[in-house]
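A.B. asks: Here you go, this is work38.cif (mmCIF, C-alpha atoms).
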```
data_work
#
loop_
_atom_site.label_atom_id
_atom_site.label_comp_id
_atom_site.auth_asym_id
_atom_site.auth_seq_id
_atom_site.Cartn_x
_atom_site.Cartn_y
_atom_site.Cartn_z
CA MET I 26 40.96 76.89 22.80
CA GLY I 27 43.86 76.38 20.45
CA HIS I 28 43.02 72.71 20.01
CA SER I 29 39.38 73.61 19.31
CA GLY I 30 40.45 76.12 16.70
CA HIS I 31 42.67 73.59 14.94
CA TRP I 32 39.89 70.99 15.02
CA LEU I 33 37.37 73.46 13.59
CA GLU I 34 39.78 74.55 10.87
CA GLY I 35 40.47 70.92 9.94
CA TRP I 36 36.75 70.15 9.82
CA GLN I 37 36.12 73.13 7.57
CA ARG I 38 38.90 72.09 5.21
CA GLY I 39 37.54 68.55 5.09
CA TRP I 40 34.04 69.80 4.38
CA ALA I 41 35.37 72.07 1.61
CA VAL I 42 37.02 69.04 -0.03
CA ILE I 43 33.77 67.05 0.20
CA ARG I 44 31.81 69.91 -1.35
CA ARG I 45 34.16 69.94 -4.33
CA ILE I 46 33.26 66.29 -5.02
CA HIS I 47 30.38 66.06 -7.46
CA TYR I 48 27.76 63.76 -5.95
CA ASP I 49 24.08 63.84 -5.12
CA PRO I 50 23.58 63.14 -1.38
CA VAL I 51 19.87 62.31 -1.76
CA LEU I 52 20.50 59.70 -4.43
CA LEU I 53 23.50 58.34 -2.55
CA PHE I 54 21.43 57.96 0.63
CA PHE I 55 18.70 55.86 -0.99
CA LEU I 56 21.19 53.72 -2.90
CA THR I 57 23.15 53.01 0.28
CA LEU I 58 19.99 51.84 2.05
CA ILE I 59 19.10 49.49 -0.82
CA ALA I 60 22.65 48.07 -0.85
CA ALA I 61 22.47 47.50 2.92
CA ILE I 62 19.18 45.61 2.52
CA GLY I 63 20.81 43.58 -0.27
CA LEU I 64 23.63 42.52 2.06
CA ILE I 65 21.15 41.59 4.79
CA ALA I 66 19.02 39.50 2.42
CA GLY I 67 22.08 37.98 0.74
CA TYR I 68 23.57 36.90 4.08
CA SER I 69 20.47 34.82 4.69
CA ALA I 70 20.21 33.55 1.11
CA SER I 71 23.87 32.43 1.11
CA ASP I 72 23.32 30.29 4.23
CA GLN I 73 24.84 32.95 6.46
CA SER I 74 28.11 33.07 4.57
CA VAL I 75 30.36 35.79 5.93
CA LEU I 76 32.62 35.31 2.91
CA TRP I 77 29.69 36.08 0.59
CA VAL I 78 28.92 39.27 2.51
CA GLU I 79 32.57 40.35 2.41
CA LYS I 80 32.78 39.77 -1.35
CA SER I 81 29.49 41.57 -1.94
CA ALA I 82 30.44 44.49 0.29
CA PHE I 83 33.73 44.80 -1.59
CA ARG I 84 31.86 44.80 -4.93
CA PHE I 85 29.44 47.41 -3.65
CA ALA I 86 32.31 49.59 -2.40
CA LEU I 87 34.05 49.43 -5.78
CA ALA I 88 30.76 50.08 -7.59
CA PHE I 89 30.01 53.14 -5.45
CA LEU I 90 33.52 54.48 -6.04
CA LEU I 91 33.02 53.93 -9.77
CA MET I 92 29.72 55.80 -9.60
CA LEU I 93 31.35 58.74 -7.81
CA ALA I 94 34.24 58.71 -10.31
CA VAL I 95 31.80 58.90 -13.24
CA ALA I 96 29.98 61.74 -11.46
CA GLN I 97 33.17 63.83 -11.69
CA ILE I 98 33.12 63.67 -15.51
CA PRO I 99 31.39 66.63 -17.22
CA GLN I 100 28.24 65.48 -18.95
CA ARG I 101 29.35 66.97 -22.25
CA PHE I 102 31.96 64.21 -22.41
CA PHE I 103 29.25 61.51 -22.45
CA PHE I 104 27.62 63.04 -25.50
CA ALA I 105 30.93 63.76 -27.22
CA ILE I 106 31.77 60.04 -27.24
CA ALA I 107 28.18 58.79 -27.71
CA PRO I 108 28.17 58.29 -31.53
CA TRP I 109 31.64 56.74 -31.54
CA LEU I 110 30.78 54.42 -28.68
CA PHE I 111 27.52 53.40 -30.34
CA VAL I 112 29.17 52.55 -33.67
CA ALA I 113 31.98 50.65 -31.93
CA VAL I 114 29.56 48.54 -29.87
CA VAL I 115 27.35 47.74 -32.88
CA LEU I 116 30.44 46.52 -34.73
CA MET I 117 31.35 44.42 -31.69
CA LEU I 118 27.84 42.91 -31.70
CA VAL I 119 28.34 41.92 -35.33
CA ALA I 120 31.65 40.34 -34.33
CA VAL I 121 29.91 38.46 -31.52
CA ASP I 122 27.40 36.97 -33.96
CA LEU I 123 30.28 35.90 -36.26
CA VAL I 124 33.09 34.78 -33.96
CA GLY I 125 31.83 35.29 -30.40
CA ASP I 126 32.37 32.80 -27.58
CA ILE I 127 29.51 30.47 -26.70
CA GLY I 128 28.50 30.00 -23.09
CA LYS I 129 25.38 28.31 -21.70
CA GLY I 130 24.06 27.82 -25.21
CA ALA I 131 24.30 31.48 -26.22
CA ARG I 132 26.86 33.41 -28.27
CA ARG I 133 27.11 36.60 -26.19
CA TRP I 134 30.77 37.06 -25.33
CA LEU I 135 33.66 38.63 -27.20
CA ASP I 136 37.12 37.40 -26.26
CA LEU I 137 39.91 39.88 -26.99
CA GLY I 138 42.58 37.75 -25.35
CA PHE I 139 43.14 39.99 -22.34
CA ILE I 140 39.43 40.44 -21.57
CA ARG I 141 36.17 38.58 -22.17
CA PHE I 142 32.99 40.64 -22.01
CA GLN I 143 29.45 41.11 -23.33
CA PRO I 144 29.24 44.10 -25.71
CA ALA I 145 25.44 44.14 -25.29
CA GLU I 146 25.90 45.32 -21.69
CA ILE I 147 27.63 48.49 -22.91
CA LEU I 148 24.57 49.38 -24.99
CA LYS I 149 22.45 49.71 -21.87
CA LEU I 150 24.39 52.96 -21.51
CA GLY I 151 25.37 53.60 -25.11
CA MET I 152 21.81 53.46 -26.46
CA PRO I 153 20.29 56.28 -24.34
CA MET I 154 23.49 58.32 -24.75
CA MET I 155 23.27 57.99 -28.54
CA LEU I 156 19.57 58.81 -28.78
CA ALA I 157 19.90 61.75 -26.38
CA TRP I 158 22.80 63.13 -28.44
CA PHE I 159 20.94 62.60 -31.72
CA LEU I 160 17.64 64.15 -30.65
CA SER I 161 19.24 67.09 -28.85
CA HIS I 162 20.44 68.32 -32.25
CA ARG I 163 16.96 68.11 -33.79
CA PRO I 164 13.77 70.15 -33.30
CA LEU I 165 11.55 68.77 -30.57
CA PRO I 166 9.03 67.18 -30.57
CA PRO I 167 10.78 64.98 -33.15
CA ARG I 168 9.51 64.94 -36.73
CA TRP I 169 8.52 61.69 -38.41
CA PHE I 170 11.85 61.40 -40.25
CA ASP I 171 13.83 61.86 -37.03
CA VAL I 172 11.60 59.28 -35.34
CA LEU I 173 12.31 56.85 -38.17
CA ILE I 174 16.08 57.31 -37.86
CA ALA I 175 15.84 56.92 -34.08
CA LEU I 176 13.87 53.68 -34.46
CA ILE I 177 16.51 52.36 -36.86
CA LEU I 178 19.22 53.22 -34.32
CA VAL I 179 17.25 51.31 -31.69
CA GLY I 180 16.27 48.42 -33.95
CA ILE I 181 19.64 47.38 -35.40
CA PRO I 182 21.45 46.58 -32.12
CA THR I 183 18.26 45.15 -30.59
CA VAL I 184 17.98 42.62 -33.42
CA LEU I 185 21.67 41.74 -33.09
CA ILE I 186 21.22 41.09 -29.36
CA VAL I 187 18.08 38.98 -29.93
CA MET I 188 20.09 36.83 -32.36
CA GLN I 189 22.62 35.91 -29.64
CA PRO I 190 20.02 35.10 -28.08
CA ASP I 191 19.65 37.43 -25.07
CA LEU I 192 16.04 38.55 -24.81
CA GLY I 193 16.38 40.17 -21.40
CA THR I 194 19.23 42.48 -22.44
CA ALA I 195 17.51 43.20 -25.77
CA ILE I 196 14.41 44.39 -23.91
CA LEU I 197 16.45 46.67 -21.64
CA VAL I 198 18.42 48.14 -24.54
CA MET I 199 15.29 48.71 -26.62
CA MET I 200 13.39 50.31 -23.73
CA ALA I 201 16.34 52.60 -22.93
CA GLY I 202 16.18 53.97 -26.46
CA LEU I 203 12.40 54.21 -26.58
CA PHE I 204 12.31 56.11 -23.29
CA VAL I 205 14.53 58.79 -24.82
CA LEU I 206 12.12 59.08 -27.74
CA PHE I 207 9.13 59.29 -25.40
CA PHE I 208 10.61 62.04 -23.24
CA ALA I 209 11.61 63.96 -26.37
CA GLY I 210 7.89 64.68 -26.79
CA LEU I 211 6.92 61.79 -29.05
CA SER I 212 3.31 62.03 -30.16
CA TRP I 213 0.91 59.53 -28.58
CA TRP I 214 -0.06 58.51 -32.11
CA TYR I 215 3.46 57.19 -32.59
CA VAL I 216 3.23 55.34 -29.27
CA LEU I 217 -0.08 53.77 -30.28
CA GLY I 218 1.32 52.81 -33.69
CA PHE I 219 4.34 51.18 -32.04
CA VAL I 220 2.13 49.15 -29.67
CA LEU I 221 -0.02 47.97 -32.59
CA ALA I 222 3.07 47.08 -34.64
CA VAL I 223 4.54 45.03 -31.77
CA SER I 224 1.21 43.27 -31.26
CA ALA I 225 1.00 42.43 -34.95
CA ALA I 226 4.61 41.18 -34.99
CA ALA I 227 4.18 38.96 -31.91
CA PRO I 228 3.00 35.87 -33.89
CA LEU I 229 5.92 36.26 -36.30
CA MET I 230 8.36 36.49 -33.39
CA TRP I 231 6.84 33.35 -31.87
CA PHE I 232 7.27 31.23 -34.99
CA PHE I 233 10.42 32.69 -36.55
CA VAL I 234 12.46 34.49 -33.87
CA MET I 235 11.98 32.93 -30.43
CA HIS I 236 13.96 29.83 -29.49
CA ASP I 237 12.38 26.75 -27.95
CA TYR I 238 13.55 27.57 -24.43
CA GLN I 239 12.09 31.09 -24.74
CA LYS I 240 8.74 29.69 -25.89
CA GLU I 241 8.86 27.29 -22.96
CA ARG I 242 9.31 30.21 -20.56
CA VAL I 243 6.27 31.99 -21.99
CA LEU I 244 4.12 28.85 -21.79
CA THR I 245 5.34 28.24 -18.24
CA LEU I 246 4.20 31.74 -17.33
CA PHE I 247 0.59 30.81 -18.06
CA ASN I 248 0.77 27.35 -16.47
CA PRO I 249 3.83 26.74 -14.29
CA MET I 250 2.28 23.53 -12.95
CA ALA I 251 2.56 21.94 -16.39
CA ASP I 252 6.21 21.18 -15.57
CA PRO I 253 6.59 21.71 -11.81
CA LEU I 254 10.01 20.03 -11.58
CA GLY I 255 11.39 21.53 -14.78
CA ALA I 256 10.58 24.83 -16.48
CA GLY I 257 8.05 25.87 -13.84
CA TYR I 258 10.19 25.04 -10.82
CA HIS I 259 11.73 28.50 -10.31
CA THR I 260 8.39 30.29 -10.57
CA ILE I 261 6.51 27.87 -8.29
CA GLN I 262 9.11 27.92 -5.53
CA SER I 263 9.38 31.70 -5.75
CA MET I 264 5.62 32.17 -5.39
CA ILE I 265 5.55 29.76 -2.44
CA ALA I 266 8.31 31.74 -0.72
CA ILE I 267 6.60 35.10 -1.26
CA GLY I 268 3.16 33.83 -0.23
CA SER I 269 4.46 32.15 2.93
CA GLY I 270 6.01 35.42 4.09
CA GLY I 271 2.61 36.98 4.72
CA VAL I 272 2.39 40.55 5.96
CA TRP I 273 5.28 40.63 8.43
CA GLY I 274 7.45 37.76 7.18
CA LYS I 275 8.93 34.76 8.96
CA GLY I 276 11.83 36.76 10.33
CA TRP I 277 15.40 37.27 9.26
CA LEU I 278 17.26 33.97 8.74
CA GLN I 279 14.00 32.06 9.25
CA GLY I 280 13.05 31.51 5.62
CA THR I 281 12.53 27.86 4.72
CA GLN I 282 12.40 27.92 0.91
CA SER I 283 15.95 29.21 0.57
CA HIS I 284 17.52 27.53 3.62
CA LEU I 285 16.14 24.12 2.63
CA ASN I 286 17.39 24.67 -0.94
CA PHE I 287 13.96 24.71 -2.54
CA LEU I 288 14.49 28.17 -4.02
CA PRO I 289 17.25 28.30 -6.67
CA GLU I 290 19.31 31.37 -7.53
CA GLY I 291 18.57 32.81 -4.09
CA THR I 292 21.44 35.30 -4.15
CA THR I 293 20.98 36.39 -7.77
CA ASP I 294 17.79 36.65 -9.82
CA PHE I 295 15.45 35.40 -7.08
CA ILE I 296 16.82 37.24 -4.06
CA LEU I 297 13.56 39.20 -3.89
CA ALA I 298 11.71 35.97 -3.04
CA VAL I 299 14.13 35.28 -0.19
CA TYR I 300 13.67 38.80 1.12
CA ALA I 301 9.85 38.65 0.81
CA GLU I 302 9.66 35.35 2.71
CA GLU I 303 11.62 36.72 5.65
CA PHE I 304 10.37 40.33 5.75
CA GLY I 305 6.88 39.95 4.28
CA LEU I 306 4.70 42.54 2.63
CA MET I 307 5.90 45.34 4.89
CA GLY I 308 9.51 44.66 3.94
CA LEU I 309 8.59 44.70 0.26
CA LEU I 310 6.80 48.03 0.67
CA LEU I 311 9.92 49.48 2.28
CA LEU I 312 12.19 48.16 -0.47
CA PHE I 313 9.94 49.28 -3.33
CA GLY I 314 9.55 52.64 -1.61
CA LEU I 315 13.34 53.07 -1.74
CA TYR I 316 13.41 52.08 -5.40
CA LEU I 317 10.66 54.58 -6.16
CA ALA I 318 12.65 57.23 -4.28
CA VAL I 319 15.65 56.57 -6.56
CA ILE I 320 13.43 56.81 -9.65
CA TRP I 321 11.77 59.98 -8.34
CA ARG I 322 15.17 61.55 -7.72
CA GLY I 323 16.30 60.61 -11.22
CA LEU I 324 13.23 62.17 -12.81
CA TYR I 325 13.70 65.26 -10.64
CA ILE I 326 17.27 65.55 -11.95
CA ALA I 327 15.93 65.16 -15.49
CA ALA I 328 13.31 67.86 -14.98
CA TYR I 329 15.90 70.42 -13.88
CA ALA I 330 18.73 69.47 -16.24
CA GLU I 331 19.98 72.49 -18.17
CA SER I 332 20.47 70.79 -21.52
CA VAL I 333 18.12 68.80 -23.69
CA ALA I 334 20.62 65.95 -23.98
CA GLY I 335 21.09 65.81 -20.22
CA ARG I 336 17.36 65.88 -19.62
CA LEU I 337 16.69 63.04 -22.06
CA LEU I 338 19.55 60.90 -20.75
CA ALA I 339 18.58 61.38 -17.10
CA ALA I 340 14.95 60.50 -17.78
CA ALA I 341 15.91 57.41 -19.78
CA ILE I 342 18.29 56.19 -17.07
CA SER I 343 15.62 56.64 -14.41
CA MET I 344 12.99 54.73 -16.37
CA THR I 345 15.43 51.96 -17.32
CA PHE I 346 16.12 51.55 -13.60
CA LEU I 347 12.36 51.15 -13.19
CA VAL I 348 12.33 48.46 -15.91
CA TYR I 349 15.03 46.52 -14.04
CA VAL I 350 12.91 46.51 -10.88
CA PHE I 351 9.61 45.86 -12.68
CA VAL I 352 10.88 42.95 -14.81
CA ASN I 353 12.71 41.25 -11.93
CA ALA I 354 9.74 41.61 -9.58
CA GLY I 355 7.38 40.45 -12.33
CA MET I 356 9.29 37.26 -13.03
CA VAL I 357 9.72 36.51 -9.32
CA ILE I 358 5.96 36.74 -8.64
CA GLY I 359 5.10 34.85 -11.82
CA VAL I 360 3.52 37.53 -14.00
CA LEU I 361 6.45 37.82 -16.44
CA PRO I 362 8.66 35.16 -18.03
CA VAL I 363 12.02 34.39 -16.42
CA VAL I 364 14.49 36.42 -18.50
CA GLY I 365 17.45 36.80 -16.16
CA VAL I 366 17.16 40.50 -15.30
CA PRO I 367 18.80 41.24 -11.91
CA LEU I 368 17.33 43.34 -9.11
CA PRO I 369 19.48 46.50 -8.83
CA LEU I 370 21.85 46.53 -5.83
CA MET I 371 20.27 43.33 -4.50
CA SER I 372 21.15 40.54 -6.93
CA TYR I 373 24.72 39.24 -6.70
CA GLY I 374 26.64 39.88 -9.90
CA GLY I 375 29.34 42.12 -11.29
CA THR I 376 28.52 43.19 -14.85
CA ALA I 377 24.99 44.44 -14.24
CA LEU I 378 26.08 46.22 -11.06
CA VAL I 379 28.84 48.07 -12.93
CA THR I 380 26.42 49.10 -15.69
CA ILE I 381 23.83 50.37 -13.23
CA MET I 382 26.32 52.32 -11.13
CA ILE I 383 27.91 53.99 -14.17
CA ALA I 384 24.41 55.06 -15.23
CA LEU I 385 23.72 56.46 -11.76
CA GLY I 386 27.06 58.25 -11.88
CA MET I 387 25.88 59.91 -15.08
CA LEU I 388 22.75 61.02 -13.22
CA MET I 389 24.91 62.62 -10.54
CA SER I 390 27.04 64.33 -13.16
CA ILE I 391 23.95 65.82 -14.81
CA GLN I 392 22.72 67.03 -11.43
CA THR I 393 25.93 68.49 -10.06
CA GLN I 394 27.80 69.69 -13.15
CA ARG I 395 26.32 72.23 -15.49
CA SER I 396 26.76 71.60 -19.20
CA PHE I 397 25.35 73.71 -21.96
CA LEU I 398 25.30 71.11 -24.71
CA GLY I 399 22.42 71.28 -27.14
CA HIS I 400 19.29 73.37 -26.77
CA GLU I 401 18.67 75.03 -23.44
CA ARG I 402 15.46 74.78 -21.49
#
```
Hey, can you dump this file as structure tokens for me?
C.D. replies:
Amino acid sequence: MGHSGHWLEGWQRGWAVIRRIHYDPVLLFFLTLIAAIGLIAGYSASDQSVLWVEKSAFRFALAFLLMLAVAQIPQRFFFAIAPWLFVAVVLMLVAVDLVGDIGKGARRWLDLGFIRFQPAEILKLGMPMMLAWFLSHRPLPPRWFDVLIALILVGIPTVLIVMQPDLGTAILVMMAGLFVLFFAGLSWWYVLGFVLAVSAAAPLMWFFVMHDYQKERVLTLFNPMADPLGAGYHTIQSMIAIGSGGVWGKGWLQGTQSHLNFLPEGTTDFILAVYAEEFGLMGLLLLFGLYLAVIWRGLYIAAYAESVAGRLLAAAISMTFLVYVFVNAGMVIGVLPVVGVPLPLMSYGGTALVTIMIALGMLMSIQTQRSFLGHER
């Protein structure tokens, strides 16, 4: 009886410690399942490399710890640093365009001697933080002047990122800011005007902004068979892999496109094609169901956030997560150009994973820690 009492007391103390940790168990559950599927698919895509799985599992473990660490930070801190972070990153983007390091034909990196990084990645977080902070101090729905200032805040860094060039990151940064505007109660007339403006600017972007390789990607989207061994190779092999998987898939480790080295980038941007070939339509439905569960949980957190800034940031993070999934899936199945956007918690890579997990940590902070910044609901 004494041993039972000590065990029960120890269990209660342990549970009390866990309860003091700020985390969202629902969100954590779905993210863990997606990461597990990523390891299973990556093991096959890496030719059954145990070393790859160990490295990926280690990255996931660090990323989850980082997410939980961010969740312990009060959300008011994110908005306190938002304007300073935004200004600092914009200045770093200017520095990148002037003296940045060139890699793979693009000037995207800033080398500070002790670290080399892409400032544009920080704006995937800094942009929604800045817009949420800005709009939370204004009457909502936003007035036309506030909308104009918000669009300027979105436009300046987006243009700087496009100049690098990095179209995929520019799209994610721009959408993160626009989602904040939309959830702030933006009138549908503004949305319609924005769509018309983008449509009107498309020809100008084609002739004066887009680089030759970007134009080639767009043309390949409409006719990948025009260059089946060059620009269209990734798309063609990806569609073959997905189509050959059928409803139930070929079975784990039985995919031919990746194992015979037809499918490039199998562990990174095109891991979804590897997964679809082996697990089929039913596997895709399971995976997309988990992604939708994460997005649903994020929007639920946004709906019940106690501050305007928290609500806007949580909604923007959730919808940006959706953009990651939508763009990656779109380019893998051949309905969107290949722009190098990873699939969250599936594609192998460090920078994007860190960015995504910090954002999800912010979601957990908004859910589990009450902040009374800005206007209350």
A.B. asks: Taking all atoms of stretch 265-282 of chain I that appear in the file, build a box with edges along x, y and z, extend it by 6 Å on every side, and state its centre and edge lengths in Å to one decimal, as lines of an AutoDock Vina configuration file.
C.D. replies:
```
center_x = 9.8
center_y = 34.2
center_z = 3.9
size_x = 26.9
size_y = 24.8
size_z = 24.8
```
A.B. asks: For atom CA of I:Leu192 and atom CA of I:Gly365, determine how far apart the two atoms are, in Å to one decimal place.
C.D. replies: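 Taking atom CA of I:Leu192 and atom CA of I:Gly365, their separation equals 8.9 Å.
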A.B. asks: Which polymer residues have any atom within 10 Å of an atom of stretch 98-112 of chain I, counting only C-alpha atoms, with same-chain residues fewer than 4 positions away left out, as number ranges by chain?
C.D. replies: I: 47, 93-94, 116-118, 147-148, 150-159, 161, 178, 182, 332, 334-335, 338, 386-399
A.B. asks: Report as CSV: every residue of stretch 256-337 of chain I with an atom at most 10 Å from stretch 194-214 of chain I, its closest pair of atoms, and their distance in Å to one decimal, counting all atoms listed in the file, with rows sorted by chain and ascending residue number.
C.D. replies:
```
residue,atom,partner,partner_atom,distance
I:Ala327,CA,I:Phe208,CA,9.9
I:Val333,CA,I:Ala209,CA,8.5
I:Ala334,CA,I:Val205,CA,9.4
I:Arg336,CA,I:Phe208,CA,8.6
I:Leu337,CA,I:Val205,CA,5.5
```
A.B. asks: With C-alpha atoms retained, export the selected residues as a CSV table (one decimal), in the coordinates of the input.
C.D. replies:
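Once written, selection03.csv looks like this:
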```csv
chain,number,residue,atom,x,y,z
I,327,ALA,CA,15.9,65.2,-15.5
I,333,VAL,CA,18.1,68.8,-23.7
I,334,ALA,CA,20.6,66.0,-24.0
I,336,ARG,CA,17.4,65.9,-19.6
I,337,LEU,CA,16.7,63.0,-22.1
```
A.B. asks: Could you list, as a compact mmCIF listing (two decimals) with C-alpha atoms, in the coordinates of the input, every residue within 8 Å of I:Ile59, counting all atoms listed in the file and ignoring same-chain residues fewer than 4 positions away?
C.D. replies:
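Output saved as out_32.txt:
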```
# COMPACT_ATOMS: atom_id res chain seq x y z
CA PHE I 55 18.70 55.86 -0.99
CA GLY I 63 20.81 43.58 -0.27
CA LEU I 312 12.19 48.16 -0.47
CA LEU I 315 13.34 53.07 -1.74
CA TYR I 316 13.41 52.08 -5.40
CA LEU I 370 21.85 46.53 -5.83
CA MET I 371 20.27 43.33 -4.50
```
A.B. asks: Find the residues around I:Leu90 up to 10 Å (all atoms listed in the file counted), leave out those fewer than 5 positions away in its own chain, and share them as a list of chain:residue names.
C.D. replies: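 These residues fall inside the cut-off: I:Arg84, I:Phe85, I:Val95, I:Ala96, I:Met382, I:Ile383, I:Gly386.
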A.B. asks: Which residue out of I:Ile296, I:Leu311, I:Val121, I:Leu306 has the minimum interatomic distance to I:Tyr373 when only C-alpha atoms are used?
C.D. replies: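 Among the listed residues, I:Ile296 lies closest to I:Tyr373.
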A.B. asks: To one decimal place in Å, what is the distance between atom CA of I:Lys80 and atom CA of I:Ala377?
C.D. replies: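 Atom CA of I:Ala377 lies 15.8 Å from atom CA of I:Lys80.
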